[in-house]
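Visitor: So that we are looking at the same thing, I have put the structure below in structure tokens.
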Amino acid sequence: MSKRRYLTAAIASATSALVMAGTATAAPTDVSVMAIKQVASGLKQAWAVDFLPDGKAIFTQKDAKTVSTLDKSGKVTKVLDVPGVSVTKEAGLLGIAVSPKFAADETVFIYFTTGSDNRIAKFKLGSTTVTPIVTGIPRGADFHHGGRIKFGPDGFLYAGTGDGQNGANAQNKNSLGGKVLRVTDSGAAAPGNPFNSRVYSYGHRNVQGLTWANGQLYISEIGASKVDELNKVEAGKNYGWPTCEGSCGTSGMTNPVKTWPTSDATPSGMAFYKGSLFMASLKSGTYKLNTGGSGGKVYTNLGRTRDEVAGPDGQLWVVTPGAIYNADGS
């Protein structure tokens with residue numbers, strides 16, 4: 001029996017038992033059991049996935065320092081060894097974003113850690129030449145590198161950065177650390193940025209997820225020892241770190257939409273899919289949320305989840321450190 005049929009049968013059996021016992025007439029409320037299929041395995045800290053115009057997935061492996069494609073048959077093909085990548089507990093080859101003009105420029109963007117900084121670079125698919133476009137993003141010895149990059153609905157590239165284990169970077173508008181950045185495909189400050197620089201928002205500790213819901217940017221952010229955050233991001237706003245972890249009453253600082261204890265969440269990549277936010281969790285599973293942050297975990301059987309992306313095939317793509325899955329999110 002296939003895994004999906006087995007899970008369906010298990011749900012039916014559990015529901016029948018509850019009805020016969022007279023304790024309930026509804027299906028079980030544990031939504032961790034959903035249709036999901038593994039499409040790649042044996043990966044070395046898979047971190048982010050995006051898609052080429054032909055529908056083929058392209059993804060990074062943090063520790064392997066490689067960019068690879070994944071076709072519909074499940075075949076993984078390495079396309080690039082990224083030179084100069086420094087790997088620590090959180091550092092390495094991180095985010096990936098395919099150019100929205102790929103048909104013309106054949107360009108892919110990546111975010112990675114070097115021995116001295118974090119940076120955004122680009123390369124043409126099929127070439128081994130990697131060209132940095134943003135450098136000098138602070139790195140910590142091991143932690144707080146950020147790393148998520150995505151093109152927004154406005155066509156500009158957004159990047160979530162970490163404070164580089166120095167909280168003062170988050171409040172310093174001249175630092176690229178602890179920020180959401182918004183840049184052109186050459187790495188210049190995007191027109192309309194609030195401070196005439198690459199900085200779009202500030203006061204962040206360690207941005208891990210970026211997505212847009214109905215045109216509105218949301219980010220997931222790892223906290224220190226109290227709470228992790230879901231933030232609704234607007235240009236020029238200050239999200240509080242290190243003065244605030246979670247909600248506070250400090251003037252000029254914007255509170256998160258939702259918080260969770262750091263022992264429960266440790267969020268990572270995020271997608272808006274079929275009307276819900278799906279937020280990966282390094283504390284097991286994935287949060288399925290509305291834009292107010294209400295909801296609970298799904299896919300808990302997968303353990304740590306690193307990224308969630310709405311694919312062009314209509315599937316939710318779920319990335320764990322060792323594998324990639326397709327899910328229906330229902």
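So you can find residues: chains in the structure tokens are A, B, ... in the order shown, residues in each start at 1, and ligands are numbered from 1 in order.
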Could you pull out the residues in region 52-298 of chain A that DSSP calls strand (DSSP E or B) from the backbone, as a PyMOL selection string?
Guide: chain A and resi 57-61+66-70+76-81+93-98+107-113+118-124+131-137+149-151+157-160+162+179-183+189+199-202+206-213+216-221+227-232+238+253+258-261+267-273+276-281+286-289+295-298
Visitor: Could you tell me, as a PyMOL selection string, which residues of region 160-234 of chain A DSSP assigns to alpha helix (DSSP H) when given the backbone?
Guide: chain A and resi 168-171
Visitor: Near region 133-150 of chain A, within 7 Å and counting only C-alpha atoms, which residues show up once chain neighbours fewer than 6 positions away are dropped, as a ChimeraX atom specification?
Guide: /A:88-91,94-97,111,117-121,157-165,176-177,186-187,206-210
Visitor: If you measure from CA of Ala170 (chain A) to CA of Val85 (chain A), what distance in Å do you get, rounded to one decimal?
Guide: 23.8 Å
Visitor: With distances taken over only C-alpha atoms, which of A:Phe51, A:Trp241, A:Phe109, A:Tyr200 is nearest to Asn166 (chain A)?
Guide: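 Of the candidates, the smallest distance to Asn166 (chain A) is held by A:Trp241.
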Visitor: Between CA of Thr129 (chain A) and CA of Leu93 (chain A), what is the spacing in Å?
Guide: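 Separating CA of Leu93 (chain A) from CA of Thr129 (chain A) is a distance of 15.6 Å.
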Visitor: For Asn231 (chain A), which residue among A:Thr254, A:Ser281, A:Thr113, A:Asn169 is the nearest when counting only C-alpha atoms?
Guide: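 Of A:Thr254, A:Ser281, A:Thr113, A:Asn169, the one nearest Asn231 (chain A) is A:Thr254, counting only C-alpha atoms.
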Visitor: For Val98 (chain A), list every protein, DNA or RNA residue within 9 Å, evaluated using only C-alpha atoms, and leave out those in the same chain fewer than 2 positions away; present the list as a PDB file with C-alpha atoms, in the first residue's frame.
Guide:
```pdb
ATOM      1  CA  ASP A  50      13.322  28.266  -6.993  1.00  0.00           C
ATOM      2  CA  PHE A  51      12.151  27.443 -10.508  1.00  0.00           C
ATOM      3  CA  LEU A  52      13.340  27.894 -14.069  1.00  0.00           C
ATOM      4  CA  PRO A  53      10.862  28.923 -16.780  1.00  0.00           C
ATOM      5  CA  ILE A  58      16.895  24.705  -8.985  1.00  0.00           C
ATOM      6  CA  ILE A  96      18.619  31.305  -4.508  1.00  0.00           C
ATOM      7  CA  PRO A 100      12.294  37.169 -13.636  1.00  0.00           C
ATOM      8  CA  LYS A 101      13.925  37.975 -17.008  1.00  0.00           C
ATOM      9  CA  PHE A 102      15.584  34.551 -17.243  1.00  0.00           C
ATOM     10  CA  GLU A 106      19.658  33.249 -18.194  1.00  0.00           C
ATOM     11  CA  THR A 107      20.715  34.552 -14.773  1.00  0.00           C
ATOM     12  CA  VAL A 108      20.391  33.019 -11.309  1.00  0.00           C
ATOM     13  CA  PHE A 109      21.109  34.872  -8.049  1.00  0.00           C
ATOM     14  CA  ILE A 110      22.581  33.299  -4.895  1.00  0.00           C
ATOM     15  CA  LYS A 150      13.433  36.520  -3.595  1.00  0.00           C
ATOM     16  CA  PHE A 151      12.229  38.744  -6.384  1.00  0.00           C
TER      17      PHE A 151
END
```
Visitor: Which neighbours of Tyr218 (chain A) fall inside 12 Å, counting only C-alpha atoms, when residues of the same chain fewer than 3 positions from it are skipped, and could you give them as a short mmCIF file (atom, residue, chain, number, x, y, z; two decimals) with all heavy atoms, in the first residue's frame?
Guide:
```
data_model
loop_
_atom_site.label_atom_id
_atom_site.label_comp_id
_atom_site.auth_asym_id
_atom_site.auth_seq_id
_atom_site.Cartn_x
_atom_site.Cartn_y
_atom_site.Cartn_z
N LYS A 150 14.56 36.76 -2.69
CA LYS A 150 13.43 36.52 -3.59
C LYS A 150 13.15 37.79 -4.39
O LYS A 150 13.31 38.90 -3.87
CB LYS A 150 12.17 36.13 -2.83
CG LYS A 150 12.18 34.73 -2.24
CD LYS A 150 10.82 34.36 -1.67
CE LYS A 150 10.84 32.94 -1.12
NZ LYS A 150 9.51 32.53 -0.59
N GLY A 152 10.53 40.33 -5.74
CA GLY A 152 9.20 40.75 -5.34
C GLY A 152 8.30 41.00 -6.53
O GLY A 152 8.73 40.99 -7.69
N TYR A 158 14.77 41.18 -3.16
CA TYR A 158 14.74 41.40 -1.71
C TYR A 158 15.62 40.37 -1.04
O TYR A 158 15.67 39.20 -1.45
CB TYR A 158 13.32 41.26 -1.17
CG TYR A 158 12.37 42.38 -1.58
CD1 TYR A 158 11.92 42.49 -2.89
CD2 TYR A 158 11.92 43.32 -0.65
CE1 TYR A 158 11.05 43.51 -3.28
CE2 TYR A 158 11.05 44.34 -1.02
CZ TYR A 158 10.62 44.43 -2.33
OH TYR A 158 9.76 45.43 -2.69
N GLY A 160 16.86 39.01 2.97
CA GLY A 160 16.79 39.05 4.43
C GLY A 160 18.17 38.78 5.00
O GLY A 160 18.80 37.77 4.67
N VAL A 180 16.06 44.03 5.88
CA VAL A 180 15.56 43.58 4.59
C VAL A 180 16.11 44.56 3.57
O VAL A 180 15.94 45.78 3.70
CB VAL A 180 14.02 43.54 4.54
CG1 VAL A 180 13.54 43.23 3.12
CG2 VAL A 180 13.48 42.49 5.51
N SER A 201 13.97 47.84 5.26
CA SER A 201 13.50 47.88 6.66
C SER A 201 14.66 47.46 7.55
O SER A 201 15.63 46.86 7.09
CB SER A 201 12.29 46.97 6.88
OG SER A 201 12.62 45.61 6.67
N VAL A 207 16.67 37.38 9.66
CA VAL A 207 15.55 37.14 8.73
C VAL A 207 15.80 35.84 7.97
O VAL A 207 16.85 35.66 7.35
CB VAL A 207 15.40 38.32 7.76
CG1 VAL A 207 14.24 38.05 6.80
CG2 VAL A 207 15.19 39.63 8.51
N GLN A 208 14.81 34.95 7.99
CA GLN A 208 14.96 33.64 7.37
C GLN A 208 13.96 33.36 6.25
O GLN A 208 14.22 32.54 5.38
CB GLN A 208 14.83 32.55 8.43
CG GLN A 208 15.99 32.49 9.40
CD GLN A 208 17.23 31.91 8.77
OE1 GLN A 208 17.28 30.75 8.41
NE2 GLN A 208 18.25 32.74 8.63
N GLY A 209 12.82 34.01 6.28
CA GLY A 209 11.80 33.77 5.26
C GLY A 209 11.26 35.06 4.69
O GLY A 209 11.15 36.06 5.41
N LEU A 210 10.93 35.05 3.40
CA LEU A 210 10.32 36.19 2.71
C LEU A 210 9.20 35.67 1.82
O LEU A 210 9.41 34.71 1.07
CB LEU A 210 11.33 36.89 1.79
CG LEU A 210 12.61 37.51 2.33
CD1 LEU A 210 13.56 37.80 1.17
CD2 LEU A 210 12.29 38.81 3.05
N THR A 211 8.03 36.29 1.88
CA THR A 211 6.99 35.97 0.91
C THR A 211 6.01 37.12 0.84
O THR A 211 5.97 37.98 1.71
CB THR A 211 6.27 34.65 1.28
OG1 THR A 211 5.55 34.18 0.13
CG2 THR A 211 5.29 34.83 2.43
N TRP A 212 5.21 37.11 -0.21
CA TRP A 212 4.19 38.14 -0.40
C TRP A 212 2.81 37.49 -0.38
O TRP A 212 2.59 36.48 -1.07
CB TRP A 212 4.39 38.88 -1.72
CG TRP A 212 5.53 39.82 -1.69
CD1 TRP A 212 5.50 41.17 -1.49
CD2 TRP A 212 6.93 39.50 -1.84
NE1 TRP A 212 6.76 41.71 -1.50
CE2 TRP A 212 7.65 40.70 -1.73
CE3 TRP A 212 7.62 38.32 -2.07
CZ2 TRP A 212 9.04 40.76 -1.83
CZ3 TRP A 212 8.99 38.35 -2.16
CH2 TRP A 212 9.70 39.56 -2.04
N ALA A 213 1.91 38.05 0.41
CA ALA A 213 0.52 37.60 0.45
C ALA A 213 -0.34 38.75 -0.02
O ALA A 213 -0.39 39.81 0.63
CB ALA A 213 0.14 37.19 1.87
N ASN A 214 -0.97 38.58 -1.18
CA ASN A 214 -1.80 39.63 -1.76
C ASN A 214 -1.04 40.95 -1.88
O ASN A 214 -1.56 42.03 -1.60
CB ASN A 214 -3.07 39.82 -0.93
CG ASN A 214 -3.86 38.53 -0.79
OD1 ASN A 214 -4.03 37.79 -1.77
ND2 ASN A 214 -4.33 38.23 0.42
N GLY A 215 0.23 40.85 -2.28
CA GLY A 215 1.06 42.01 -2.51
C GLY A 215 1.77 42.56 -1.29
O GLY A 215 2.60 43.47 -1.40
N GLU A 221 11.36 35.48 11.28
CA GLU A 221 12.58 35.97 11.91
C GLU A 221 12.87 35.19 13.19
O GLU A 221 11.98 34.98 14.03
CB GLU A 221 12.42 37.46 12.23
CG GLU A 221 13.66 38.13 12.71
CD GLU A 221 13.48 39.65 12.76
OE1 GLU A 221 12.52 40.18 12.17
OE2 GLU A 221 14.34 40.30 13.40
N GLU A 229 9.46 35.46 15.39
CA GLU A 229 8.48 36.44 14.92
C GLU A 229 8.02 36.19 13.49
O GLU A 229 8.78 35.75 12.63
CB GLU A 229 9.07 37.85 14.98
CG GLU A 229 9.51 38.29 16.36
CD GLU A 229 10.14 39.69 16.36
OE1 GLU A 229 10.29 40.28 15.26
OE2 GLU A 229 10.48 40.17 17.45
N LEU A 230 6.75 36.54 13.25
CA LEU A 230 6.20 36.77 11.91
C LEU A 230 5.96 38.27 11.82
O LEU A 230 5.24 38.85 12.64
CB LEU A 230 4.88 36.02 11.72
CG LEU A 230 4.12 36.33 10.42
CD1 LEU A 230 4.88 35.82 9.20
CD2 LEU A 230 2.71 35.73 10.47
N ASN A 231 6.59 38.91 10.84
CA ASN A 231 6.49 40.36 10.69
C ASN A 231 5.87 40.75 9.35
O ASN A 231 6.18 40.15 8.31
CB ASN A 231 7.86 41.03 10.80
CG ASN A 231 8.31 41.18 12.24
OD1 ASN A 231 7.70 41.88 13.02
ND2 ASN A 231 9.40 40.49 12.59
N LYS A 232 5.00 41.75 9.40
CA LYS A 232 4.44 42.37 8.20
C LYS A 232 5.35 43.58 7.91
O LYS A 232 5.41 44.51 8.71
CB LYS A 232 3.01 42.81 8.46
CG LYS A 232 2.31 43.52 7.32
CD LYS A 232 0.90 43.88 7.75
CE LYS A 232 0.18 44.65 6.67
NZ LYS A 232 -1.22 45.00 7.10
N VAL A 233 6.05 43.55 6.80
CA VAL A 233 7.12 44.51 6.56
C VAL A 233 6.67 45.63 5.63
O VAL A 233 6.13 45.39 4.55
CB VAL A 233 8.36 43.81 5.99
CG1 VAL A 233 9.42 44.81 5.57
CG2 VAL A 233 8.94 42.87 7.06
N GLU A 234 6.95 46.86 6.07
CA GLU A 234 6.69 48.04 5.27
C GLU A 234 7.96 48.89 5.20
O GLU A 234 8.78 48.89 6.13
CB GLU A 234 5.53 48.84 5.86
CG GLU A 234 4.23 48.05 5.83
CD GLU A 234 3.06 48.80 6.45
OE1 GLU A 234 3.24 49.96 6.84
OE2 GLU A 234 1.97 48.21 6.53
N ALA A 235 8.10 49.59 4.10
CA ALA A 235 9.32 50.35 3.83
C ALA A 235 9.63 51.34 4.93
O ALA A 235 8.76 52.09 5.38
CB ALA A 235 9.18 51.09 2.50
N PRO A 256 5.65 42.68 15.96
CA PRO A 256 5.36 41.58 15.04
C PRO A 256 3.87 41.27 14.98
O PRO A 256 3.11 41.61 15.89
CB PRO A 256 6.13 40.40 15.64
CG PRO A 256 6.33 40.74 17.08
CD PRO A 256 6.43 42.23 17.14
N VAL A 257 3.48 40.61 13.92
CA VAL A 257 2.10 40.13 13.76
C VAL A 257 1.83 39.00 14.74
O VAL A 257 0.75 38.90 15.32
CB VAL A 257 1.87 39.65 12.31
CG1 VAL A 257 0.54 38.94 12.16
CG2 VAL A 257 1.97 40.81 11.34
N LYS A 258 2.83 38.14 14.92
CA LYS A 258 2.66 36.94 15.75
C LYS A 258 4.03 36.53 16.28
O LYS A 258 5.05 36.71 15.61
CB LYS A 258 2.07 35.80 14.91
CG LYS A 258 1.87 34.49 15.62
CD LYS A 258 0.70 34.51 16.59
CE LYS A 258 0.45 33.13 17.18
NZ LYS A 258 -0.70 33.11 18.11
N GLY A 269 12.26 29.35 5.82
CA GLY A 269 11.63 29.86 4.62
C GLY A 269 10.11 29.85 4.69
O GLY A 269 9.50 29.12 5.46
N MET A 270 9.51 30.68 3.84
CA MET A 270 8.06 30.88 3.93
C MET A 270 7.47 31.08 2.53
O MET A 270 8.09 31.68 1.66
CB MET A 270 7.79 32.09 4.82
CG MET A 270 6.34 32.29 5.20
SD MET A 270 6.16 33.42 6.61
CE MET A 270 6.98 34.89 6.00
N ALA A 271 6.23 30.58 2.35
CA ALA A 271 5.52 30.73 1.09
C ALA A 271 4.06 31.08 1.36
O ALA A 271 3.51 30.72 2.41
CB ALA A 271 5.59 29.44 0.28
N PHE A 272 3.45 31.77 0.41
CA PHE A 272 2.00 32.00 0.43
C PHE A 272 1.42 31.07 -0.63
O PHE A 272 1.71 31.18 -1.81
CB PHE A 272 1.68 33.46 0.11
CG PHE A 272 0.23 33.80 0.26
CD1 PHE A 272 -0.41 33.70 1.50
CD2 PHE A 272 -0.51 34.24 -0.84
CE1 PHE A 272 -1.76 34.03 1.64
CE2 PHE A 272 -1.85 34.58 -0.71
CZ PHE A 272 -2.47 34.47 0.53
N SER A 276 -2.85 30.55 2.31
CA SER A 276 -2.24 30.44 3.63
C SER A 276 -0.75 30.69 3.56
O SER A 276 -0.11 30.47 2.53
CB SER A 276 -2.48 29.04 4.23
OG SER A 276 -3.84 28.79 4.47
N LEU A 277 -0.20 31.16 4.68
CA LEU A 277 1.25 31.23 4.83
C LEU A 277 1.75 29.88 5.32
O LEU A 277 1.23 29.35 6.31
CB LEU A 277 1.63 32.31 5.83
CG LEU A 277 1.32 33.76 5.46
CD1 LEU A 277 1.55 34.67 6.67
CD2 LEU A 277 2.16 34.22 4.28
N PHE A 278 2.75 29.33 4.65
CA PHE A 278 3.41 28.11 5.11
C PHE A 278 4.82 28.50 5.53
O PHE A 278 5.61 28.96 4.70
CB PHE A 278 3.44 27.06 4.00
CG PHE A 278 2.11 26.39 3.78
CD1 PHE A 278 1.13 27.02 3.03
CD2 PHE A 278 1.84 25.14 4.32
CE1 PHE A 278 -0.10 26.42 2.82
CE2 PHE A 278 0.61 24.53 4.12
CZ PHE A 278 -0.36 25.17 3.37
N MET A 279 5.12 28.36 6.82
CA MET A 279 6.38 28.80 7.39
C MET A 279 7.16 27.60 7.90
O MET A 279 6.72 26.90 8.81
CB MET A 279 6.13 29.80 8.52
CG MET A 279 7.38 30.41 9.12
SD MET A 279 6.99 31.62 10.43
CE MET A 279 6.56 30.52 11.80
N LEU A 289 -0.59 29.03 8.39
CA LEU A 289 -1.09 30.19 9.11
C LEU A 289 -1.95 31.07 8.20
O LEU A 289 -1.77 31.08 6.98
CB LEU A 289 0.08 31.04 9.62
CG LEU A 289 1.19 30.34 10.39
CD1 LEU A 289 2.41 31.26 10.50
CD2 LEU A 289 0.70 29.93 11.77
N ASN A 290 -2.83 31.85 8.82
CA ASN A 290 -3.41 32.97 8.08
C ASN A 290 -2.49 34.17 8.25
O ASN A 290 -1.49 34.10 8.97
CB ASN A 290 -4.85 33.26 8.52
CG ASN A 290 -4.96 33.71 9.98
OD1 ASN A 290 -4.01 34.23 10.57
ND2 ASN A 290 -6.14 33.52 10.56
N THR A 291 -2.80 35.28 7.60
CA THR A 291 -1.88 36.41 7.64
C THR A 291 -1.85 37.11 9.00
O THR A 291 -0.99 37.96 9.24
CB THR A 291 -2.23 37.44 6.55
OG1 THR A 291 -3.61 37.80 6.66
CG2 THR A 291 -1.97 36.86 5.16
N GLY A 292 -2.75 36.72 9.90
CA GLY A 292 -2.69 37.20 11.27
C GLY A 292 -1.87 36.32 12.18
O GLY A 292 -1.70 36.61 13.36
N GLY A 293 -1.34 35.21 11.61
CA GLY A 293 -0.48 34.31 12.37
C GLY A 293 -1.20 33.18 13.06
O GLY A 293 -0.56 32.37 13.75
#
```
Visitor: Which neighbours of Pro242 (chain A) fall inside 8 Å, counting only C-alpha atoms, when residues of the same chain fewer than 5 positions from it are skipped, and could you give them as a list in words?
Guide: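 Within the cut-off, the hits are Gly167, Ala168, Ala170, Gln171, Gly203, His204 and Arg205 of chain A.
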Visitor: Using only C-alpha atoms, which of the listed residues (A:Ala188, A:Phe59, A:Glu308, A:Trp260) sits closest to Gly223 (chain A)?
Guide: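 Of the candidates, the smallest distance to Gly223 (chain A) is held by A:Trp260.
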